[in-house]
Amino acid sequence: MAHPQARTMFSDELLAVGRALGPVQPKEVVTDIILRPAISSLGAVAGAVLLINARRDQLKLITRQGYAEDAVTIWQDGPLDRSLPATDAIRRQEPLFFGNSDDLKRLYPQLEEETGAVGPVASAVLPILLDGQALGVLVLDFQEPHVFTPAEQQFLVTLALQCAAALDRSVQHARVVSQQQAQVDILESISDAFYAVDEAWRLTYVNRRAEAFWGRRREDLLGKVYWTEFPQAVGSEPYHAHLRAARERQVVRLEAQSPITGFWITITINPTAQGLSVYFADITERKALEAKANEATRTLERRVLERTRDLQDLNAELRAYAIGISRDLTEPLRRVNAFVGLLEGRLKSQVDDRTRRLFKQVREETRRVGDRMDELRHLAALERRELREEPLDLFQLAVQVRSDLEPLVRGRKVAWSVGPLPRVLGDPLLLRLVFTELFAVALDATQDQADARIGVGGEVRGEEVVAWVEHNGRGLTHAQATRIFDVFQVPPAVAGAEERIGLSNVRRIVARHGGQVSASSDGQTGARLLIALPDRLGARGPV
């Protein structure tokens with residue numbers, strides 16, 4: 001399911017673009033409409049749109065914004081067989097994001113020499129695709145390094161799709177108009193209803209589609225004044241559209257209810273040397289479907305808002321419950337512990353070894369419950385803490401956490417192995433807690449192992465940074481591995497006879513970073529706990 005932030009962050013901008021692209025526009029207007037919100041919403045300094053020519057062997061610069069008039073950029077006209085970011089995005093049919101100039105120069109070391117231009121500090125290259133066929137590219141340039149969030153990437157991909165659809169509609173409309181002008185003699189074969197009027201509004205042509213739509217014979221209409229034959233149309237929206245097309249000598253397009261039949265129609269009014277040529281078609285069925293679709297969309301959005309609000313309320317209640325129950329039980333637990341101490345002191349001379357063990361067990365149970373209360377408070381605090389993300393070296397983080405846990409391994413023989421680890425974008429404090437808990441679980445699981453071994457490793461897998469902690473201690477069953485990151489679900493074999501909330505904290509922290517957790521084991525000896533985070537710094541590999 002799409003992340004809620006990626007779904008709603010740029011919804012207003014996309015809605016505005018959709019409205020602006022509603023009427024059929026020339027390709028220069030379409031690309032200009034697409035570029036403006038792309039540049040302003042992401043803080044880019046400039047952008048351009050290049051389209052593939054009719055022979056599909058060249059890229060042609062159509063629109064650019066933000067560049068000086070005579071500025072030379074790396075986005076230029078040229079053949080498609082060159083190895084450039086724009087041509088590679090078209091060839092691969094996937095967006096390319098370069099967060100800084102080093103990324104661009106590493107992949108295209110000859111780019112500046114070939115184009116004679118200085119490359120941008122950061123850039124995004126989006127292929128404009130329609131039904132699997134590339135139409136061109138949308139590019140953005142930045143003056144500073146830029147981290148492209150999932151929401152920004154989805155926004156740009158959606159803009160490219162809107163651009164492709166609008167360009168396709170523009171091309172299709174231009175083709176239709178051209179055919180109409182070239183095939184006046186076969187107007188009877190077209191699917192739209194058609195009529196023509198002269199400068200005095202006398203009907204000069206009516207095709208069969210128009211006859212059927214109006215329920216009137218052309219013989220009774222030709223030579224008659226349109227507004228006299230259809231007086232109910234005077235003053236309507238189509239009436240004023242006709243006047244505007246005649247007055248401004250511009251093509252006018254609109255969708256409206258026919259004042260003659262009451263049906264919904266789409267109308268295209270073309271000024272000609274003799275008067276006006278008008279095409280119209282019945283879209284009543286389409287309008288009905290659109291109304292149903294719009295109502296379904298509104299219903300869905302309303303339900304999503306309600307579900308989101310319910311989830312927010314539930315999370316708030318759970319946090320309040322965790323804090324409340326922890327606070328309410330802390331004092332009774334302290335009193336129980338004190339009473340046990342007093343009772344043990346008063347009965348000191350009468351207590352045998354078995355009773356002492358029972359007293360010790362009671363104190364140990366109250367301590368354990370107290371620890372769980374502290375962890376519940378910690379879990380609630382983590383839910384409220386805002387993420388403070390920055391580039392992190394996971395190797396250094398792992399080494400620091402291992403050093404902090406040295407007191408836990410005194411008197412034990414533990415062989416540590418910390419291998420190369422990638423860099424990530426994350427919250428230093430929260431990811432430090434993640435590694436602390438994973439190491440603590442590994443130490444608990446190997447406490448009875450004479451030759452305990454704990455290994456740490458990581459790598460970049462596709463668009464994810466993966467890191468893991470593995471040990472040769474007690475193993476996990478499949479069911480235990482599935483539930484290990486749930487609250488109060490760490491099996492005693494792993495947690496040293498104690499349940500832990502810490503691993504549920506790990507899952508929540510990793511989820512807030514957009515990642516996921518997992519565990520694996522052969523069921524007998526050893527286990528691996530793994531975290532996977534989005535690779536938002538680029539696939540740089542281990543450091």
# chains A, B, ... in the order shown; residues from 1 in each chain; ligands from 1
>>> select_by_dssp(residues="stretch 98-337 of chain A", states="strand (DSSP E or B)", output="ChimeraX atom specification")
/A:98,122-130,133-142,193-198,202-206,225,252-257,264-271,275-282
>>> residues_around(residues="stretch 212-222 of chain A", least_positions_apart="2", cutoff="10 Å", atoms="only C-alpha atoms", output="list in words")
Ala193, Tyr195, Ala196, Val197, Arg202, Leu203, Thr204, Tyr205, Val206, Asn207, Arg208, Arg209, Ala210, Lys224, Val225, Tyr226, Glu229, Phe230, Ile260, Thr261, Phe263, Phe280, Ala281 and Asp282 of chain A
>>> write_last_selection(atoms="C-alpha atoms", output="short mmCIF file (atom, residue, chain, number, x, y, z; two decimals), in the first residue's frame")
data_model
loop_
_atom_site.label_atom_id
_atom_site.label_comp_id
_atom_site.auth_asym_id
_atom_site.auth_seq_id
_atom_site.Cartn_x
_atom_site.Cartn_y
_atom_site.Cartn_z
CA ALA A 193 -22.09 15.17 -35.67
CA TYR A 195 -22.61 21.32 -39.17
CA ALA A 196 -21.30 24.53 -40.71
CA VAL A 197 -22.70 28.07 -40.70
CA ARG A 202 -27.15 30.31 -42.01
CA LEU A 203 -26.61 26.53 -41.97
CA THR A 204 -24.49 25.51 -44.96
CA TYR A 205 -23.89 21.86 -44.08
CA VAL A 206 -25.43 19.26 -41.76
CA ASN A 207 -24.25 15.67 -41.72
CA ARG A 208 -26.32 12.57 -40.95
CA ARG A 209 -25.09 12.39 -37.36
CA ALA A 210 -26.40 15.89 -36.70
CA LYS A 224 -31.96 28.66 -42.53
CA VAL A 225 -30.60 30.75 -39.68
CA TYR A 226 -29.37 28.45 -36.91
CA GLU A 229 -34.44 27.02 -36.20
CA PHE A 230 -33.24 26.35 -32.65
CA ILE A 260 -31.75 21.40 -28.00
CA THR A 261 -31.89 17.81 -26.69
CA PHE A 263 -27.97 15.48 -23.68
CA PHE A 280 -20.14 17.70 -31.53
CA ALA A 281 -20.68 14.27 -29.99
CA ASP A 282 -22.99 12.74 -27.41
#
>>> atom_distance(atom1="atom CA of A:Ser191", atom2="atom CA of A:Trp227")
24.4 Å
>>> atom_distance(atom1="atom CA of A:Gln93", atom2="atom CA of A:Val137")
9.9 Å
>>> residues_around(residues="A:Leu159", least_positions_apart="6", cutoff="12 Å", atoms="only C-alpha atoms", output="tab-separated table (two decimals) with C-alpha atoms, in the first residue's frame")
chain	number	residue	atom	x	y	z
A	10	PHE	CA	1.55	16.96	-3.60
A	11	SER	CA	-2.16	16.29	-4.16
A	13	GLU	CA	-0.30	20.55	-7.13
A	14	LEU	CA	-1.36	17.48	-9.12
A	15	LEU	CA	-5.00	18.52	-8.99
A	16	ALA	CA	-4.09	22.00	-10.29
A	17	VAL	CA	-2.04	20.48	-13.12
A	18	GLY	CA	-4.91	18.16	-14.02
A	21	LEU	CA	-4.42	20.21	-18.73
A	30	VAL	CA	1.45	21.27	-22.05
A	31	THR	CA	5.17	21.08	-21.24
A	32	ASP	CA	5.11	24.59	-19.76
A	33	ILE	CA	2.20	23.63	-17.47
A	34	ILE	CA	4.08	20.51	-16.32
A	35	LEU	CA	7.42	22.25	-15.69
A	36	ARG	CA	6.22	25.05	-13.42
A	37	PRO	CA	4.96	22.95	-10.47
A	38	ALA	CA	7.83	20.47	-10.87
A	39	ILE	CA	10.39	23.26	-10.40
A	41	SER	CA	7.44	22.21	-5.55
A	49	VAL	CA	11.29	19.03	-21.53
A	126	LEU	CA	11.98	11.38	-15.84
A	127	PRO	CA	11.06	9.50	-19.04
A	128	ILE	CA	7.69	10.59	-20.45
A	129	LEU	CA	6.01	7.28	-21.27
A	137	VAL	CA	12.07	13.34	-20.94
A	138	LEU	CA	11.31	15.80	-18.14
A	139	VAL	CA	14.45	17.10	-16.38
A	152	GLU	CA	8.95	13.62	-4.53
A	153	GLN	CA	9.83	10.75	-6.84
A	165	ALA	CA	-1.46	11.82	-21.54
A	166	ALA	CA	-1.84	15.52	-22.38
>>> residues_around(residues="A:Gly526", least_positions_apart="6", cutoff="8 Å", atoms="only C-alpha atoms", output="PDB file with N, CA and C atoms, in the first residue's frame")
ATOM      1  N   GLU A 470      24.037 -11.663  13.585  1.00  0.00           N
ATOM      2  CA  GLU A 470      23.832 -13.107  13.681  1.00  0.00           C
ATOM      3  C   GLU A 470      24.693 -13.679  14.805  1.00  0.00           C
ATOM      4  N   HIS A 471      24.253 -14.819  15.355  1.00  0.00           N
ATOM      5  CA  HIS A 471      24.971 -15.426  16.481  1.00  0.00           C
ATOM      6  C   HIS A 471      24.850 -16.945  16.381  1.00  0.00           C
ATOM      7  N   ASN A 472      25.656 -17.638  17.190  1.00  0.00           N
ATOM      8  CA  ASN A 472      25.620 -19.096  17.205  1.00  0.00           C
ATOM      9  C   ASN A 472      24.976 -19.629  18.479  1.00  0.00           C
ATOM     10  N   GLY A 473      24.106 -18.833  19.094  1.00  0.00           N
ATOM     11  CA  GLY A 473      23.413 -19.256  20.302  1.00  0.00           C
ATOM     12  C   GLY A 473      22.194 -20.095  19.988  1.00  0.00           C
ATOM     13  N   ARG A 474      21.214 -20.032  20.901  1.00  0.00           N
ATOM     14  CA  ARG A 474      20.016 -20.825  20.728  1.00  0.00           C
ATOM     15  C   ARG A 474      19.236 -20.376  19.497  1.00  0.00           C
ATOM     16  N   GLY A 475      18.690 -21.343  18.760  1.00  0.00           N
ATOM     17  CA  GLY A 475      17.983 -21.047  17.524  1.00  0.00           C
ATOM     18  C   GLY A 475      16.524 -20.704  17.750  1.00  0.00           C
ATOM     19  N   LEU A 476      15.831 -20.452  16.636  1.00  0.00           N
ATOM     20  CA  LEU A 476      14.411 -20.085  16.664  1.00  0.00           C
ATOM     21  C   LEU A 476      13.619 -21.044  15.791  1.00  0.00           C
TER      22      LEU A 476
END
>>> atom_distance(atom1="atom CA of A:Thr266", atom2="atom CA of A:Leu51")
29.3 Å
>>> residues_around(residues="stretch 392-399 of chain A", least_positions_apart="3", cutoff="8 Å", atoms="only C-alpha atoms", output="ChimeraX atom specification")
/A:402-403,418-426,428,432,435,543
>>> select_by_dssp(residues="stretch 63-268 of chain A", states="helix (DSSP H, G or I)", output="PyMOL selection string")
chain A and resi 85-92+101-107+111-115+150-182+184-189+208-214+218-220+226-229+231-233+237-248
>>> closest_residue(among="A:Thr446, A:Thr268, A:Ser520, A:Gln172", to="A:Val252", atoms="only C-alpha atoms")
A:Thr268
>>> residues_around(residues="A:Ala450", least_positions_apart="2", cutoff="12 Å", atoms="only C-alpha atoms", output="PDB file with all heavy atoms, in the first residue's frame")
ATOM      1  N   GLY A 411      33.882 -11.500  31.820  1.00  0.00           N
ATOM      2  CA  GLY A 411      33.842 -12.861  32.322  1.00  0.00           C
ATOM      3  C   GLY A 411      33.364 -13.870  31.303  1.00  0.00           C
ATOM      4  O   GLY A 411      33.279 -15.059  31.604  1.00  0.00           O
ATOM      5  N   ARG A 412      33.005 -13.389  30.091  1.00  0.00           N
ATOM      6  CA  ARG A 412      32.565 -14.291  29.026  1.00  0.00           C
ATOM      7  C   ARG A 412      33.551 -14.246  27.870  1.00  0.00           C
ATOM      8  O   ARG A 412      34.279 -13.280  27.678  1.00  0.00           O
ATOM      9  CB  ARG A 412      31.182 -13.872  28.499  1.00  0.00           C
ATOM     10  CG  ARG A 412      30.057 -14.038  29.483  1.00  0.00           C
ATOM     11  CD  ARG A 412      28.739 -13.598  28.854  1.00  0.00           C
ATOM     12  NE  ARG A 412      28.472 -14.292  27.596  1.00  0.00           N
ATOM     13  CZ  ARG A 412      27.441 -14.034  26.810  1.00  0.00           C
ATOM     14  NH1 ARG A 412      26.600 -13.063  27.138  1.00  0.00           N
ATOM     15  NH2 ARG A 412      27.266 -14.709  25.692  1.00  0.00           N
ATOM     16  N   LYS A 413      33.548 -15.292  27.099  1.00  0.00           N
ATOM     17  CA  LYS A 413      34.379 -15.349  25.899  1.00  0.00           C
ATOM     18  C   LYS A 413      33.464 -15.199  24.688  1.00  0.00           C
ATOM     19  O   LYS A 413      32.747 -16.106  24.316  1.00  0.00           O
ATOM     20  CB  LYS A 413      35.128 -16.679  25.834  1.00  0.00           C
ATOM     21  CG  LYS A 413      36.073 -16.783  24.641  1.00  0.00           C
ATOM     22  CD  LYS A 413      36.797 -18.112  24.638  1.00  0.00           C
ATOM     23  CE  LYS A 413      37.734 -18.221  23.437  1.00  0.00           C
ATOM     24  NZ  LYS A 413      38.435 -19.520  23.388  1.00  0.00           N
ATOM     25  N   VAL A 414      33.501 -14.003  24.094  1.00  0.00           N
ATOM     26  CA  VAL A 414      32.649 -13.696  22.941  1.00  0.00           C
ATOM     27  C   VAL A 414      33.531 -13.219  21.798  1.00  0.00           C
ATOM     28  O   VAL A 414      34.311 -12.277  21.949  1.00  0.00           O
ATOM     29  CB  VAL A 414      31.607 -12.614  23.269  1.00  0.00           C
ATOM     30  CG1 VAL A 414      30.769 -12.299  22.041  1.00  0.00           C
ATOM     31  CG2 VAL A 414      30.715 -13.056  24.419  1.00  0.00           C
ATOM     32  N   ALA A 415      33.430 -13.877  20.644  1.00  0.00           N
ATOM     33  CA  ALA A 415      34.184 -13.488  19.450  1.00  0.00           C
ATOM     34  C   ALA A 415      33.291 -12.604  18.581  1.00  0.00           C
ATOM     35  O   ALA A 415      32.276 -13.059  18.063  1.00  0.00           O
ATOM     36  CB  ALA A 415      34.638 -14.717  18.676  1.00  0.00           C
ATOM     37  N   ALA A 445      21.201 -14.651  23.856  1.00  0.00           N
ATOM     38  CA  ALA A 445      21.028 -15.958  23.224  1.00  0.00           C
ATOM     39  C   ALA A 445      22.283 -16.819  23.304  1.00  0.00           C
ATOM     40  O   ALA A 445      22.199 -18.041  23.182  1.00  0.00           O
ATOM     41  CB  ALA A 445      20.618 -15.769  21.760  1.00  0.00           C
ATOM     42  N   THR A 446      23.456 -16.185  23.473  1.00  0.00           N
ATOM     43  CA  THR A 446      24.719 -16.941  23.505  1.00  0.00           C
ATOM     44  C   THR A 446      25.299 -17.052  24.903  1.00  0.00           C
ATOM     45  O   THR A 446      26.460 -17.449  25.060  1.00  0.00           O
ATOM     46  CB  THR A 446      25.762 -16.262  22.590  1.00  0.00           C
ATOM     47  OG1 THR A 446      25.954 -14.903  23.018  1.00  0.00           O
ATOM     48  CG2 THR A 446      25.309 -16.277  21.140  1.00  0.00           C
ATOM     49  N   GLN A 447      24.512 -16.724  25.946  1.00  0.00           N
ATOM     50  CA  GLN A 447      25.085 -16.676  27.294  1.00  0.00           C
ATOM     51  C   GLN A 447      25.522 -18.061  27.799  1.00  0.00           C
ATOM     52  O   GLN A 447      26.396 -18.156  28.668  1.00  0.00           O
ATOM     53  CB  GLN A 447      24.078 -16.058  28.260  1.00  0.00           C
ATOM     54  CG  GLN A 447      22.756 -16.805  28.373  1.00  0.00           C
ATOM     55  CD  GLN A 447      21.762 -16.068  29.253  1.00  0.00           C
ATOM     56  OE1 GLN A 447      22.138 -15.115  29.936  1.00  0.00           O
ATOM     57  NE2 GLN A 447      20.512 -16.501  29.241  1.00  0.00           N
ATOM     58  N   ASP A 448      24.930 -19.127  27.241  1.00  0.00           N
ATOM     59  CA  ASP A 448      25.343 -20.475  27.658  1.00  0.00           C
ATOM     60  C   ASP A 448      26.305 -21.117  26.668  1.00  0.00           C
ATOM     61  O   ASP A 448      26.607 -22.313  26.774  1.00  0.00           O
ATOM     62  CB  ASP A 448      24.102 -21.369  27.811  1.00  0.00           C
ATOM     63  CG  ASP A 448      23.178 -20.870  28.916  1.00  0.00           C
ATOM     64  OD1 ASP A 448      23.685 -20.300  29.898  1.00  0.00           O
ATOM     65  OD2 ASP A 448      21.952 -21.045  28.773  1.00  0.00           O
ATOM     66  N   ALA A 452      31.031 -18.377  22.171  1.00  0.00           N
ATOM     67  CA  ALA A 452      30.019 -17.501  21.581  1.00  0.00           C
ATOM     68  C   ALA A 452      30.611 -16.681  20.437  1.00  0.00           C
ATOM     69  O   ALA A 452      31.705 -16.127  20.548  1.00  0.00           O
ATOM     70  CB  ALA A 452      29.445 -16.574  22.644  1.00  0.00           C
ATOM     71  N   ARG A 453      29.853 -16.613  19.340  1.00  0.00           N
ATOM     72  CA  ARG A 453      30.281 -15.819  18.189  1.00  0.00           C
ATOM     73  C   ARG A 453      29.110 -14.928  17.753  1.00  0.00           C
ATOM     74  O   ARG A 453      27.984 -15.405  17.580  1.00  0.00           O
ATOM     75  CB  ARG A 453      30.704 -16.707  17.021  1.00  0.00           C
ATOM     76  CG  ARG A 453      31.925 -17.548  17.306  1.00  0.00           C
ATOM     77  CD  ARG A 453      32.447 -18.238  16.032  1.00  0.00           C
ATOM     78  NE  ARG A 453      31.436 -19.076  15.411  1.00  0.00           N
ATOM     79  CZ  ARG A 453      31.169 -20.327  15.757  1.00  0.00           C
ATOM     80  NH1 ARG A 453      31.851 -20.893  16.754  1.00  0.00           N
ATOM     81  NH2 ARG A 453      30.236 -21.017  15.126  1.00  0.00           N
ATOM     82  N   ASN A 472      25.656 -17.638  17.190  1.00  0.00           N
ATOM     83  CA  ASN A 472      25.620 -19.096  17.205  1.00  0.00           C
ATOM     84  C   ASN A 472      24.976 -19.629  18.479  1.00  0.00           C
ATOM     85  O   ASN A 472      25.264 -20.743  18.914  1.00  0.00           O
ATOM     86  CB  ASN A 472      27.037 -19.663  17.050  1.00  0.00           C
ATOM     87  CG  ASN A 472      27.932 -19.335  18.248  1.00  0.00           C
ATOM     88  OD1 ASN A 472      27.673 -18.354  18.965  1.00  0.00           O
ATOM     89  ND2 ASN A 472      28.986 -20.115  18.476  1.00  0.00           N
ATOM     90  N   GLY A 473      24.106 -18.833  19.094  1.00  0.00           N
ATOM     91  CA  GLY A 473      23.413 -19.256  20.302  1.00  0.00           C
ATOM     92  C   GLY A 473      22.194 -20.095  19.988  1.00  0.00           C
ATOM     93  O   GLY A 473      22.098 -20.753  18.960  1.00  0.00           O
TER      94      GLY A 473
END
